[in-house]
Structures are given as C-alpha cells and as structure tokens.
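**Student:** Take a look at the following structure, please.
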4 protein chains.
Amino acid sequence: MRARGRQTMRTLLDAGAEVFAERGYHAARVDDIVTRAETSHGTFYLYFSNKEELFRALAVDVAAAIVELGEALPPITADGAGEQRLRDWLDRFADLYERNRSTLQAWTEAEIGDSEFGRLGDDVFAELSRVVATRVRASAPDDIDPVTAGLAVVAMIERLHYYAATGQVRISREETVGTLASVTHDAIFGNTTPRR
Amino acid sequence: MRARGRQTMRTLLDAGAEVFAERGYHAARVDDIVTRAETSHGTFYLYFSNKEELFRALAVDVAAAIVELGEALPPITADGAGEQRLRDWLDRFADLYERNRSTLQAWTEAEIGDSEFGRLGDDVFAELSRVVATRVRASAPDDIDPVTAGLAVVAMIERLHYYAATGQVRISREETVGTLASVTHDAIFGNTTPRR
Amino acid sequence: MRARGRQTMRTLLDAGAEVFAERGYHAARVDDIVTRAETSHGTFYLYFSNKEELFRALAVDVAAAIVELGEALPPITADGAGEQRLRDWLDRFADLYERNRSTLQAWTEAEIGDSEFGRLGDDVFAELSRVVATRVRASAPDDIDPVTAGLAVVAMIERLHYYAATGQVRISREETVGTLASVTHDAIFGNTTPRR
Amino acid sequence: MRARGRQTMRTLLDAGAEVFAERGYHAARVDDIVTRAETSHGTFYLYFSNKEELFRALAVDVAAAIVELGEALPPITADGAGEQRLRDWLDRFADLYERNRSTLQAWTEAEIGDSEFGRLGDDVFAELSRVVATRVRASAPDDIDPVTAGLAVVAMIERLHYYAATGQVRISREETVGTLASVTHDAIFGNTTPRR
DNA sequence: TATGAATGAGATTTCATTCAT
DNA sequence: AATGAATGAAATCTCATTCAT
C-alpha cells in the first residue's frame, strides 16, 4: 500500500470513528461512512471486508493504548503523594478516553455475544485489572481477591467515563477524575481525609 | 384481553428476554422471538407494535424493581454491622441481576443515542445514585460531589455484575458480592480490616 | 406450507426455468425471476436461499425423470424390431428433453468446477450409461469397456439434443431421433441396412 | 509491441487459460487472472479490452487448430487399416484436447445465448461435421442425413473427452480413444469384430 | 509500459412490518 | 385470537472497468 492508499484508509478510519460515535455501532451504515469519507463503497471494501473489520481496526489501536497506559500505572502509596500520582494517572486515562471517545462508546454496543470484540475487551480489562491488583494486593483484606477488586475498580473507572461521555449524566472531566481518584484511593487505603 | 391472550403475551415476553440475552438487542430478530415462542409474526404484532416495545415492556419492569431495591438501601454505618447490611443489600441486588440478567445485558447494547431506553436507564441510575449519595454524604471528603461518588459506586456494582454475567470474566456470585461490599464500604469509611 | 405457498413456489420455479432458458444460468438475475413471477425479492428468499437453490430444485426433478426413463430402456435386438424399440425410447427421451429444455440447457452452463450440479449430473449420466452398457455388452468387441461405450452413446444423445435445442444447428426433432436411432443401433449391431 | 509487451500478453493469456479452467468462464475474475500473471488490472486492460476478448484470443487459436485437424481426417475404409487411421486421427484429437483442455472446458460454459463464442463454436463444429459427413456419406443408410450423423459423431467425440477431462468420469486416454474409434467405426461400417 | 487506486452500477440479501384469511 | 404469506425499502457486497501517475 502506497501513500495514497494509506491516506484513504486513514480517512475511512476517521470517518468510521465519527459515524460510530454519532449513530452507534449498529445504526452506523457503510454508506454513512463512505459519504463522510467522500469516497465510494467500492473503495471501502478495498480496505475493509466489512463494517466490523473497520471497527476492529479502531478497537485494536485503542486496546493497545489502554494496555500501554495500564503498564504506566505507578505504585500508589497511602499518603497524599500516592493519591496525587493516582490522580495524574487517571488524568491520562481521561485523556485517552476523550481522544477515543467514539470508539469506546461504540465498543459497549458492539460487545455482545461471542464476537471478537468481546474477547479483545476482555484482554484489555484483564490486563488492567492485573496491574491494579498488584497495587491493591498490598492493602486488601484477606478475604477478597485482589484481581476481582482490581476489576471492580477498573469497571468503575471505565463506566463513569462512559456515562460522562454519552452525556447520560453531566459531570465535568475534573469532577470525574477527582471523584475516581478519591474513591479509588479510599477504597484501597481507607478514607483518611477529614470528615465534615 | 382474556386468559389466552395474556398467556400468549407472556410467552412472547419470555421468548424475547431469552433471545435478547442470547443475541443482543440488535441481532435479535422478530423471527427468532416468534419461533422461540412457537407463534407467528402476525401474533407478535397483535401484542406489540414493534420490537422496541417488547423490549421496553421488559425494561420497565426491571427498572421499577431496581428503583424499589434502591429505596430499600439501609443506612450504612462504619462498623461491621454496617458492612453486613451493605452486603445483604448487594446480595439482593445480585438476586435481581440474576433474575433479569437477560434484559440487563441487552439494555447496555440498546442504550445508545437518544432512544427512550437511555432515558429510562438514566432515571434508574440517577435514582440509585441519589440514594447511595445520601449514605456517602456523611463521610465523603469535602472536595468531591457525593452524587458523583454515588454514581461511581453504582457504576462499579452494575458493571461487575455485567462482566460476571456475560462470562467475560469468571467470578462467582459470592466473590462478586463480597468484593463489592468490601470495596464499597472501604471507599466510604476507610479500610479498617487488618492488613496482611 | 399451504396451498398458497405451494402456488407461489411453483410460480417461482416456472419463472426461474424460463429465465434460465432465455438468459442462461449466469446471466439470469434474481430480479428477472421475481419480475417474471410477479412477486417480490422478499418472497423469493422466503422459498429459496439463493438462485442456485432454485436451480437445484429444477435440476433434481429433471434428474429423476432422466433416471426413470433410463430404467425404461427396453432390451435392444439386432433386428428391425429392436431398432424400432430404440427409436421409440429415443422419442421419449426427446419428449423429456423438450419438456425440460430450459433446465437442461442451463445445466451445461452451471456445471463447472466442483458444484453439486456436476455431481448430480454425474449420477444421472453414470446411471444412464450403466443401463446402456447392459444393452451394449452383448455385442461389444472384447477390447472396449461397455460402460465407456455406453457413456459415449449417452454423450452423443444428450449433446445432439443440446445442439438442436440451443439452435446452434438446425435439425428437426424427427431428424435428431432418426439419426440417433440409426447411428446408435449401427454402433451396437453393425450397419445392416443396404448401402447406396 | 516490443518483446516485453509480447511477453506480458503471453503471461496474461496463460494465466487466463489456467484460471478459466479452474473456475470456469463466469466465475473467473479479472483479479484472479492478473494475480496469477503477477501483473496489474491496468496492464490487463492495456492488452485486452475486456475479459471476453482474452477468452476469444484463446478460443480462436483452438478453433483454428480443430479446423486444421478436421481437414487432416483421412478417408476411412471398412477394413482394419481404416479403423487404425481413424484411431490415429482420434489420437491426435486427444492430443489437441489435452493441450487445450482449459479453454475447451470453459468454452462449454461460455457458449450460451447469442455470444460470439457460440458462433465461433458453431463454425468449428459445422466444419468438423462436414468433414466427417463426407466419410459417413459413403456408407450411411438412405434415410439419415450424413451431416447430422457426422454432427452426432463429433458431439460424441467432444463430450467424451469433456467428461474425461473434467474428471466427472474416470477414463484413461487410451480407453477414450479406443472406445471412440471402435464405436465410430462400427457406426459407419458395422460391427465386424467377432462377438463374444 | 506498468500499476495501484478508485469507481459505481448493479447484484444479492435481510428483515421489520403489513396483509388476507 | 391466530397465522402463514407477502412485501419492499434498505442494507451489504462484488467486480469489470477507468483513472492518474
């Protein structure tokens, strides 16, 4: 594939991301995508064998970015510095979510049955949960599984962003990050800030 | 509607719930539903004006049950008794999720764009979050919004069940409930169990 | 399937046979068939999952008729009575070919690669050849295989009708039957009619 | 056209012959041909204005070879020497069929409706039939048309090779040629070999 | 002379919904 | 109250051919 081809593919991917975000995965039509990309159906099928494959191409990239970010999660300590590091990391997560809002939103909808998306999503979540687990392990009570606890935290982080992104609730980015940092840190180390 | 009609409607609702669970809202075909219900297309449209309406009929019931359960959330105290009450409530939530697994799973997928499902889901979540917020308020640090924190917790609870239900991860019901109780209680009151 | 459904299916089969005959298997469009049958695409796919399946339905019937006719091939003797019986049988074959002209013509075109049509055609030819072989066996020279000779004769019969039917050559039905009877009988028993 | 151009054209013709043989005329894609020829769509249309023209280029050559072979059919006599000459000629026909198997196989499928291929094929068959007719004429009974009889024989020869070539039946080349020689000679002069 | 990319007309297929009985 | 049949709009996908370099 030459430069022109790569450019066309890029245009299609971008158009796809936009359309998926606007209309959702299922309601998105290949026709919408090619119209947005100002190209033809024929060209679309030159690069992707169907809508699902284009989505997978988007999802794979995002998955890689999430895993990479997961690996960058720093050790979290019980003190204020630890909470700040957590907050910084969550800020980067928010960046990533914002940048890939459309794909992540559509992912939820595509993730049904035994599609590959599901498995891809699993891998990402499993990886993230494992990383979080290593941070939780040090402090978790004996009777709960750190990996499950990690998964719960990851689920919370992802879903709150999802609700914020879809506009189902109206929360600012700062609020989202701040709340998650506080709740997560408390969940791990206990609530040490002064009560009202 | 006579007894026979009610029976037919019931059969269709049950069939719909199963098919939605298996294939997801979008992939579910009216044909799948009527085949499962051992009836005909004609009959389907005698009771529901379209696929969406059948789903709404399922969703409305579940939504009411969730709101009702939310209202039953007892005051949570920092001590062991408080955590036990939280655990008991989460147990009932697990019951509810299990009983309506199919609808709740499909809901996620249907919840896109500006459909009524989304709004219905919003109401449910908002209501639950508000209730949780009243419990969180007492202990949350000054700088975070209790409603947002409540929403975060609710998101965590719902999503972990979702992952467990779809089999994307393999966690037992006990583990799910236990972890959620522990993490949630810790998030609110701090981790008071002995560290390893 | 009720009476109405059977009628619709019949209409589609008839329309298919006509269209295949007129335009050939490959050039035939589902659209041509439904237009001819005065029905809709939707209805077509209610009865056949694609063009190929409709053709197979036609071909299976014809195949059965040919095999049945093959079984009716009487013992052929060297005398004039034998040739007359052969001629009568070829007349019935001509009837059958005429009645199913369209399908048999299209079959040639569809029969390529490893499609099921090919195998179906094989079975028919093999069966016919075997029957002819039993008649040839009595008189064939030692060094040739009666089944191969039977196949050769069957090939000749089928192809001559095909050429006559497609109009590639202009031969009357009488001429076709007469020539085949004479040539086939001679091939088996030797040319006993007076030379010019 | 320079040497390089001729080479490219040759490569395309060869690739076309292979692909037509494997997949049949209709199922053959220009894409298959250019991939096999390790060249591009652009180049294909530089040498042939369409798929049909490439096929015609192949067919014309084969047609000429068949006509030429037809003219080489020697006078056939009733004695063993005559049958041997016939056998030798059929052997050359088998050579020709083998060499051009791919094109001849595809030809059958392409020959539909009023395409030029049909007419090309007609000419070839007509020519062959006429030649065979001159050999048959001497011995045929009064009531059959020698040209029709010739056509019947030609049809038999061609089809038996076709069946053998497509692998629809499993006959060796020797068996094919032997059977055709025997049956054809018998058809013309009567069966003179000793009966079993 | 060669080619990768683009095209778009047209084919197939699906499926929610309506109809006639 | 029930149903089998029909519909057709809209979606997906294919591929011979043309274009720009």
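Each chain in the structure tokens gets a letter, A, B, ..., in the order shown, and its residues are numbered from 1; ligands are numbered from 1 in order too.
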Quick one: pick out all alpha helix (DSSP H) residues within range 9-109 of chain D from a backbone DSSP run and write them as a ChimeraX atom specification.
**Tutor:** /D:9-23,30-36,41-47,51-71,80-99,101-109
**Student:** Select, as an MDAnalysis selection string, those residues of chain F with any atom no more than 10 Å from chain D (distances computed using only C-alpha atoms (C1' of nucleotides)).
**Tutor:** chainID F and resid 15:19
**Student:** Take the residues that were just selected and, keeping N, CA, C and O atoms (P, O5', C5', C4', C3', O3' and C1' of nucleotides), output them as a compact mmCIF listing (two decimals), in the first residue's frame.
**Tutor:**
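Okay, this is what ended up in result.txt:
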```txt
# COMPACT_ATOMS: atom_id res chain seq x y z
P DC F 15 -17.14 -11.20 -7.24
O5' DC F 15 -16.76 -10.20 -8.40
C5' DC F 15 -17.84 -9.71 -9.21
C4' DC F 15 -17.32 -8.66 -10.14
C3' DC F 15 -15.85 -8.82 -10.55
O3' DC F 15 -15.78 -8.56 -11.92
C1' DC F 15 -16.19 -6.68 -9.71
P DA F 16 -14.84 -9.38 -12.84
O5' DA F 16 -15.07 -8.60 -14.21
C5' DA F 16 -16.39 -8.45 -14.70
C4' DA F 16 -16.56 -7.06 -15.30
C3' DA F 16 -15.53 -6.69 -16.36
O3' DA F 16 -16.20 -5.94 -17.37
C1' DA F 16 -15.40 -5.15 -14.56
P DT F 17 -15.35 -5.49 -18.62
O5' DT F 17 -14.86 -4.04 -18.20
C5' DT F 17 -15.84 -3.04 -17.97
C4' DT F 17 -15.19 -1.82 -17.38
C3' DT F 17 -14.05 -1.22 -18.21
O3' DT F 17 -14.47 0.07 -18.63
C1' DT F 17 -13.57 -1.19 -15.89
P DT F 18 -13.57 0.94 -19.56
O5' DT F 18 -13.08 2.10 -18.59
C5' DT F 18 -14.05 2.74 -17.76
C4' DT F 18 -13.35 3.71 -16.83
C3' DT F 18 -12.34 4.62 -17.52
O3' DT F 18 -12.58 5.93 -17.00
C1' DT F 18 -11.29 3.51 -15.72
P DC F 19 -11.79 7.15 -17.59
O5' DC F 19 -10.78 7.45 -16.39
C5' DC F 19 -11.30 7.49 -15.07
C4' DC F 19 -10.17 7.77 -14.11
C3' DC F 19 -9.15 8.77 -14.64
O3' DC F 19 -8.93 9.72 -13.62
C1' DC F 19 -8.07 6.79 -13.92
```
**Student:** Hey, which of D:Ala164, D:Val177, D:Val132, D:Ala27 ends up closest to Glu109 in chain C? Count only C-alpha atoms.
**Tutor:**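 Smallest separation from Glu109 in chain C among the options: D:Ala27.
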**Student:** Quick one: superpose chain D onto chain B using all C-alpha atoms paired in order, least squares, and give it to me as a PDB file with C-alpha atoms, in the first residue's frame.
**Tutor:**
```pdb
ATOM      1  CA  MET D   1     -57.511  -9.302  26.962  1.00  0.00           C
ATOM      2  CA  ARG D   2     -58.622 -12.733  28.073  1.00  0.00           C
ATOM      3  CA  ALA D   3     -56.621 -15.427  29.773  1.00  0.00           C
ATOM      4  CA  ARG D   4     -55.441 -16.851  26.465  1.00  0.00           C
ATOM      5  CA  GLY D   5     -54.252 -13.476  25.257  1.00  0.00           C
ATOM      6  CA  ARG D   6     -52.377 -12.849  28.471  1.00  0.00           C
ATOM      7  CA  GLN D   7     -50.742 -16.233  28.144  1.00  0.00           C
ATOM      8  CA  THR D   8     -49.613 -15.471  24.579  1.00  0.00           C
ATOM      9  CA  MET D   9     -48.207 -12.118  25.619  1.00  0.00           C
ATOM     10  CA  ARG D  10     -46.348 -13.741  28.498  1.00  0.00           C
ATOM     11  CA  THR D  11     -44.880 -16.335  26.122  1.00  0.00           C
ATOM     12  CA  LEU D  12     -43.698 -13.602  23.794  1.00  0.00           C
ATOM     13  CA  LEU D  13     -42.128 -11.624  26.631  1.00  0.00           C
ATOM     14  CA  ASP D  14     -40.283 -14.680  27.882  1.00  0.00           C
ATOM     15  CA  ALA D  15     -39.118 -15.612  24.417  1.00  0.00           C
ATOM     16  CA  GLY D  16     -38.000 -12.044  23.843  1.00  0.00           C
ATOM     17  CA  ALA D  17     -35.991 -11.993  27.066  1.00  0.00           C
ATOM     18  CA  GLU D  18     -34.223 -15.198  26.099  1.00  0.00           C
ATOM     19  CA  VAL D  19     -33.452 -14.123  22.560  1.00  0.00           C
ATOM     20  CA  PHE D  20     -32.273 -10.667  23.616  1.00  0.00           C
ATOM     21  CA  ALA D  21     -29.948 -12.294  26.126  1.00  0.00           C
ATOM     22  CA  GLU D  22     -28.531 -14.748  23.624  1.00  0.00           C
ATOM     23  CA  ARG D  23     -28.077 -12.540  20.622  1.00  0.00           C
ATOM     24  CA  GLY D  24     -28.267  -9.018  21.935  1.00  0.00           C
ATOM     25  CA  TYR D  25     -30.890  -6.412  21.187  1.00  0.00           C
ATOM     26  CA  HIS D  26     -29.858  -5.570  17.656  1.00  0.00           C
ATOM     27  CA  ALA D  27     -29.058  -9.037  16.444  1.00  0.00           C
ATOM     28  CA  ALA D  28     -32.335 -10.379  17.834  1.00  0.00           C
ATOM     29  CA  ARG D  29     -34.823 -10.936  15.039  1.00  0.00           C
ATOM     30  CA  VAL D  30     -38.560 -10.801  15.471  1.00  0.00           C
ATOM     31  CA  ASP D  31     -38.452 -14.094  13.681  1.00  0.00           C
ATOM     32  CA  ASP D  32     -36.250 -15.584  16.403  1.00  0.00           C
ATOM     33  CA  ILE D  33     -38.691 -14.440  19.037  1.00  0.00           C
ATOM     34  CA  VAL D  34     -41.813 -15.797  17.397  1.00  0.00           C
ATOM     35  CA  THR D  35     -40.103 -19.055  16.567  1.00  0.00           C
ATOM     36  CA  ARG D  36     -39.029 -19.457  20.178  1.00  0.00           C
ATOM     37  CA  ALA D  37     -42.521 -18.539  21.345  1.00  0.00           C
ATOM     38  CA  GLU D  38     -43.970 -20.970  18.842  1.00  0.00           C
ATOM     39  CA  THR D  39     -46.269 -18.360  17.435  1.00  0.00           C
ATOM     40  CA  SER D  40     -46.413 -16.179  14.345  1.00  0.00           C
ATOM     41  CA  HIS D  41     -45.301 -12.750  13.174  1.00  0.00           C
ATOM     42  CA  GLY D  42     -48.920 -11.717  12.947  1.00  0.00           C
ATOM     43  CA  THR D  43     -49.481 -12.559  16.573  1.00  0.00           C
ATOM     44  CA  PHE D  44     -46.382 -10.671  17.645  1.00  0.00           C
ATOM     45  CA  TYR D  45     -47.705  -7.456  16.146  1.00  0.00           C
ATOM     46  CA  LEU D  46     -51.024  -8.084  17.759  1.00  0.00           C
ATOM     47  CA  TYR D  47     -49.430  -7.550  21.152  1.00  0.00           C
ATOM     48  CA  PHE D  48     -46.501  -5.251  20.468  1.00  0.00           C
ATOM     49  CA  SER D  49     -46.285  -2.570  17.881  1.00  0.00           C
ATOM     50  CA  ASN D  50     -42.628  -3.335  17.313  1.00  0.00           C
ATOM     51  CA  LYS D  51     -39.514  -4.969  18.656  1.00  0.00           C
ATOM     52  CA  GLU D  52     -38.621  -1.943  20.725  1.00  0.00           C
ATOM     53  CA  GLU D  53     -41.895  -1.999  22.544  1.00  0.00           C
ATOM     54  CA  LEU D  54     -41.454  -5.573  23.637  1.00  0.00           C
ATOM     55  CA  PHE D  55     -38.042  -4.693  24.965  1.00  0.00           C
ATOM     56  CA  ARG D  56     -39.425  -1.676  26.764  1.00  0.00           C
ATOM     57  CA  ALA D  57     -42.054  -3.839  28.396  1.00  0.00           C
ATOM     58  CA  LEU D  58     -39.246  -5.984  29.780  1.00  0.00           C
ATOM     59  CA  ALA D  59     -37.091  -3.026  30.749  1.00  0.00           C
ATOM     60  CA  VAL D  60     -39.813  -1.104  32.561  1.00  0.00           C
ATOM     61  CA  ASP D  61     -40.375  -3.972  34.945  1.00  0.00           C
ATOM     62  CA  VAL D  62     -36.700  -4.319  35.681  1.00  0.00           C
ATOM     63  CA  ALA D  63     -36.331  -0.569  36.129  1.00  0.00           C
ATOM     64  CA  ALA D  64     -39.119  -0.526  38.685  1.00  0.00           C
ATOM     65  CA  ALA D  65     -37.532  -3.398  40.565  1.00  0.00           C
ATOM     66  CA  ILE D  66     -34.183  -1.621  40.680  1.00  0.00           C
ATOM     67  CA  VAL D  67     -35.676   1.620  41.904  1.00  0.00           C
ATOM     68  CA  GLU D  68     -37.602  -0.287  44.526  1.00  0.00           C
ATOM     69  CA  LEU D  69     -34.457  -2.043  45.639  1.00  0.00           C
ATOM     70  CA  GLY D  70     -32.657   1.301  45.762  1.00  0.00           C
ATOM     71  CA  GLU D  71     -35.244   2.629  48.177  1.00  0.00           C
ATOM     72  CA  ALA D  72     -34.594  -0.356  50.366  1.00  0.00           C
ATOM     73  CA  LEU D  73     -30.898   0.488  50.790  1.00  0.00           C
ATOM     74  CA  PRO D  74     -30.482   0.742  54.579  1.00  0.00           C
ATOM     75  CA  PRO D  75     -28.336   3.338  56.330  1.00  0.00           C
ATOM     76  CA  ILE D  76     -24.776   2.129  56.286  1.00  0.00           C
ATOM     77  CA  THR D  77     -22.600   2.583  59.341  1.00  0.00           C
ATOM     78  CA  ALA D  78     -18.842   2.352  59.620  1.00  0.00           C
ATOM     79  CA  ASP D  79     -18.904  -0.711  61.824  1.00  0.00           C
ATOM     80  CA  GLY D  80     -19.125  -4.380  60.908  1.00  0.00           C
ATOM     81  CA  ALA D  81     -22.916  -4.319  61.228  1.00  0.00           C
ATOM     82  CA  GLY D  82     -22.969  -1.590  58.580  1.00  0.00           C
ATOM     83  CA  GLU D  83     -20.837  -3.604  56.210  1.00  0.00           C
ATOM     84  CA  GLN D  84     -23.085  -6.609  56.792  1.00  0.00           C
ATOM     85  CA  ARG D  85     -26.180  -4.601  55.923  1.00  0.00           C
ATOM     86  CA  LEU D  86     -24.439  -3.395  52.787  1.00  0.00           C
ATOM     87  CA  ARG D  87     -23.504  -6.950  51.928  1.00  0.00           C
ATOM     88  CA  ASP D  88     -27.097  -8.095  52.425  1.00  0.00           C
ATOM     89  CA  TRP D  89     -28.353  -5.373  50.163  1.00  0.00           C
ATOM     90  CA  LEU D  90     -25.778  -6.241  47.507  1.00  0.00           C
ATOM     91  CA  ASP D  91     -26.945  -9.805  47.799  1.00  0.00           C
ATOM     92  CA  ARG D  92     -30.449  -8.714  46.931  1.00  0.00           C
ATOM     93  CA  PHE D  93     -29.049  -6.720  44.050  1.00  0.00           C
ATOM     94  CA  ALA D  94     -27.273  -9.835  42.832  1.00  0.00           C
ATOM     95  CA  ASP D  95     -30.582 -11.712  43.047  1.00  0.00           C
ATOM     96  CA  LEU D  96     -32.259  -9.060  40.986  1.00  0.00           C
ATOM     97  CA  TYR D  97     -29.457  -9.051  38.433  1.00  0.00           C
ATOM     98  CA  GLU D  98     -29.551 -12.790  38.148  1.00  0.00           C
ATOM     99  CA  ARG D  99     -33.291 -12.882  37.683  1.00  0.00           C
ATOM    100  CA  ASN D 100     -33.165 -10.210  34.988  1.00  0.00           C
ATOM    101  CA  ARG D 101     -29.801 -11.014  33.558  1.00  0.00           C
ATOM    102  CA  SER D 102     -31.042 -11.230  30.012  1.00  0.00           C
ATOM    103  CA  THR D 103     -32.756  -7.858  29.958  1.00  0.00           C
ATOM    104  CA  LEU D 104     -29.963  -6.071  31.771  1.00  0.00           C
ATOM    105  CA  GLN D 105     -27.381  -7.470  29.400  1.00  0.00           C
ATOM    106  CA  ALA D 106     -29.286  -6.400  26.324  1.00  0.00           C
ATOM    107  CA  TRP D 107     -30.017  -3.021  27.863  1.00  0.00           C
ATOM    108  CA  THR D 108     -26.385  -2.016  27.634  1.00  0.00           C
ATOM    109  CA  GLU D 109     -26.449  -2.557  23.938  1.00  0.00           C
ATOM    110  CA  ALA D 110     -29.793  -0.905  23.343  1.00  0.00           C
ATOM    111  CA  GLU D 111     -28.716   2.128  25.303  1.00  0.00           C
ATOM    112  CA  ILE D 112     -27.318   4.295  22.563  1.00  0.00           C
ATOM    113  CA  GLY D 113     -28.009   7.709  21.234  1.00  0.00           C
ATOM    114  CA  ASP D 114     -31.244   9.283  22.278  1.00  0.00           C
ATOM    115  CA  SER D 115     -33.450   6.241  22.471  1.00  0.00           C
ATOM    116  CA  GLU D 116     -35.978   6.064  25.237  1.00  0.00           C
ATOM    117  CA  PHE D 117     -34.096   3.182  26.773  1.00  0.00           C
ATOM    118  CA  GLY D 118     -31.263   5.510  27.506  1.00  0.00           C
ATOM    119  CA  ARG D 119     -33.540   7.852  29.343  1.00  0.00           C
ATOM    120  CA  LEU D 120     -35.148   5.020  31.214  1.00  0.00           C
ATOM    121  CA  GLY D 121     -31.718   3.789  32.228  1.00  0.00           C
ATOM    122  CA  ASP D 122     -30.711   7.294  33.255  1.00  0.00           C
ATOM    123  CA  ASP D 123     -33.632   7.604  35.589  1.00  0.00           C
ATOM    124  CA  VAL D 124     -32.812   4.328  37.224  1.00  0.00           C
ATOM    125  CA  PHE D 125     -29.158   5.185  37.659  1.00  0.00           C
ATOM    126  CA  ALA D 126     -29.926   8.690  38.829  1.00  0.00           C
ATOM    127  CA  GLU D 127     -32.315   7.359  41.427  1.00  0.00           C
ATOM    128  CA  LEU D 128     -29.874   4.734  42.684  1.00  0.00           C
ATOM    129  CA  SER D 129     -27.037   7.229  42.752  1.00  0.00           C
ATOM    130  CA  ARG D 130     -29.067   9.659  44.766  1.00  0.00           C
ATOM    131  CA  VAL D 131     -29.845   7.021  47.355  1.00  0.00           C
ATOM    132  CA  VAL D 132     -26.239   5.909  47.572  1.00  0.00           C
ATOM    133  CA  ALA D 133     -25.239   9.581  47.749  1.00  0.00           C
ATOM    134  CA  THR D 134     -27.221  10.073  50.923  1.00  0.00           C
ATOM    135  CA  ARG D 135     -25.206   7.270  52.510  1.00  0.00           C
ATOM    136  CA  VAL D 136     -21.923   8.558  51.142  1.00  0.00           C
ATOM    137  CA  ARG D 137     -22.572  12.145  52.036  1.00  0.00           C
ATOM    138  CA  ALA D 138     -21.976  11.601  55.700  1.00  0.00           C
ATOM    139  CA  SER D 139     -18.421  10.515  55.147  1.00  0.00           C
ATOM    140  CA  ALA D 140     -17.187  11.837  51.825  1.00  0.00           C
ATOM    141  CA  PRO D 141     -14.333  14.337  51.755  1.00  0.00           C
ATOM    142  CA  ASP D 142     -15.318  17.931  51.154  1.00  0.00           C
ATOM    143  CA  ASP D 143     -13.982  18.210  47.672  1.00  0.00           C
ATOM    144  CA  ILE D 144     -15.981  15.552  45.909  1.00  0.00           C
ATOM    145  CA  ASP D 145     -19.620  15.543  44.955  1.00  0.00           C
ATOM    146  CA  PRO D 146     -21.506  12.795  46.801  1.00  0.00           C
ATOM    147  CA  VAL D 147     -23.848  12.234  43.855  1.00  0.00           C
ATOM    148  CA  THR D 148     -20.903  11.669  41.523  1.00  0.00           C
ATOM    149  CA  ALA D 149     -19.306   9.356  44.023  1.00  0.00           C
ATOM    150  CA  GLY D 150     -22.607   7.540  44.362  1.00  0.00           C
ATOM    151  CA  LEU D 151     -22.785   7.187  40.621  1.00  0.00           C
ATOM    152  CA  ALA D 152     -19.267   5.820  40.541  1.00  0.00           C
ATOM    153  CA  VAL D 153     -20.145   3.190  43.082  1.00  0.00           C
ATOM    154  CA  VAL D 154     -23.350   2.270  41.284  1.00  0.00           C
ATOM    155  CA  ALA D 155     -21.429   2.027  38.021  1.00  0.00           C
ATOM    156  CA  MET D 156     -18.969  -0.332  39.659  1.00  0.00           C
ATOM    157  CA  ILE D 157     -21.703  -2.531  41.081  1.00  0.00           C
ATOM    158  CA  GLU D 158     -23.569  -2.774  37.810  1.00  0.00           C
ATOM    159  CA  ARG D 159     -20.538  -3.380  35.608  1.00  0.00           C
ATOM    160  CA  LEU D 160     -18.987  -6.031  37.778  1.00  0.00           C
ATOM    161  CA  HIS D 161     -22.230  -7.976  37.663  1.00  0.00           C
ATOM    162  CA  TYR D 162     -22.333  -7.418  33.910  1.00  0.00           C
ATOM    163  CA  TYR D 163     -18.869  -8.840  33.425  1.00  0.00           C
ATOM    164  CA  ALA D 164     -19.671 -11.754  35.669  1.00  0.00           C
ATOM    165  CA  ALA D 165     -22.971 -12.366  33.863  1.00  0.00           C
ATOM    166  CA  THR D 166     -21.618 -12.250  30.342  1.00  0.00           C
ATOM    167  CA  GLY D 167     -18.922 -14.665  31.346  1.00  0.00           C
ATOM    168  CA  GLN D 168     -16.272 -12.234  30.182  1.00  0.00           C
ATOM    169  CA  VAL D 169     -14.595 -12.940  33.487  1.00  0.00           C
ATOM    170  CA  ARG D 170     -15.208 -15.876  35.728  1.00  0.00           C
ATOM    171  CA  ILE D 171     -16.215 -14.694  39.171  1.00  0.00           C
ATOM    172  CA  SER D 172     -18.621 -16.450  41.481  1.00  0.00           C
ATOM    173  CA  ARG D 173     -21.588 -14.653  42.910  1.00  0.00           C
ATOM    174  CA  GLU D 174     -20.118 -14.780  46.405  1.00  0.00           C
ATOM    175  CA  GLU D 175     -16.895 -13.242  45.202  1.00  0.00           C
ATOM    176  CA  THR D 176     -18.749 -10.519  43.340  1.00  0.00           C
ATOM    177  CA  VAL D 177     -20.890  -9.579  46.306  1.00  0.00           C
ATOM    178  CA  GLY D 178     -18.028  -9.887  48.804  1.00  0.00           C
ATOM    179  CA  THR D 179     -15.659  -7.764  46.785  1.00  0.00           C
ATOM    180  CA  LEU D 180     -18.249  -5.088  46.114  1.00  0.00           C
ATOM    181  CA  ALA D 181     -19.238  -4.940  49.790  1.00  0.00           C
ATOM    182  CA  SER D 182     -15.659  -4.669  50.908  1.00  0.00           C
ATOM    183  CA  VAL D 183     -14.539  -2.156  48.318  1.00  0.00           C
ATOM    184  CA  THR D 184     -17.644  -0.017  48.639  1.00  0.00           C
ATOM    185  CA  HIS D 185     -17.556   0.016  52.416  1.00  0.00           C
ATOM    186  CA  ASP D 186     -13.868   0.832  52.390  1.00  0.00           C
ATOM    187  CA  ALA D 187     -14.438   3.596  49.875  1.00  0.00           C
ATOM    188  CA  ILE D 188     -16.967   5.181  52.178  1.00  0.00           C
ATOM    189  CA  PHE D 189     -15.505   4.586  55.606  1.00  0.00           C
ATOM    190  CA  GLY D 190     -11.942   3.660  55.050  1.00  0.00           C
ATOM    191  CA  ASN D 191     -10.284   0.325  55.235  1.00  0.00           C
ATOM    192  CA  THR D 192     -10.530  -0.839  58.804  1.00  0.00           C
ATOM    193  CA  THR D 193      -9.804  -4.507  58.404  1.00  0.00           C
ATOM    194  CA  PRO D 194      -6.325  -5.610  59.450  1.00  0.00           C
ATOM    195  CA  ARG D 195      -3.683  -5.382  56.725  1.00  0.00           C
ATOM    196  CA  ARG D 196      -1.600  -8.347  55.767  1.00  0.00           C
TER     197      ARG D 196
END
```
**Student:** Calculate how many Å separate C1' of DT14 in chain E from C1' of DA11 in chain F, rounding to one decimal.
**Tutor:**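 C1' of DA11 in chain F lies 7.6 Å from C1' of DT14 in chain E.
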**Student:** What is the distance between C1' of DA2 in chain E and C1' of DA20 in chain F, in Å to one decimal?
**Tutor:**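 Straight-line distance from C1' of DA2 in chain E to C1' of DA20 in chain F works out to 12.5 Å.
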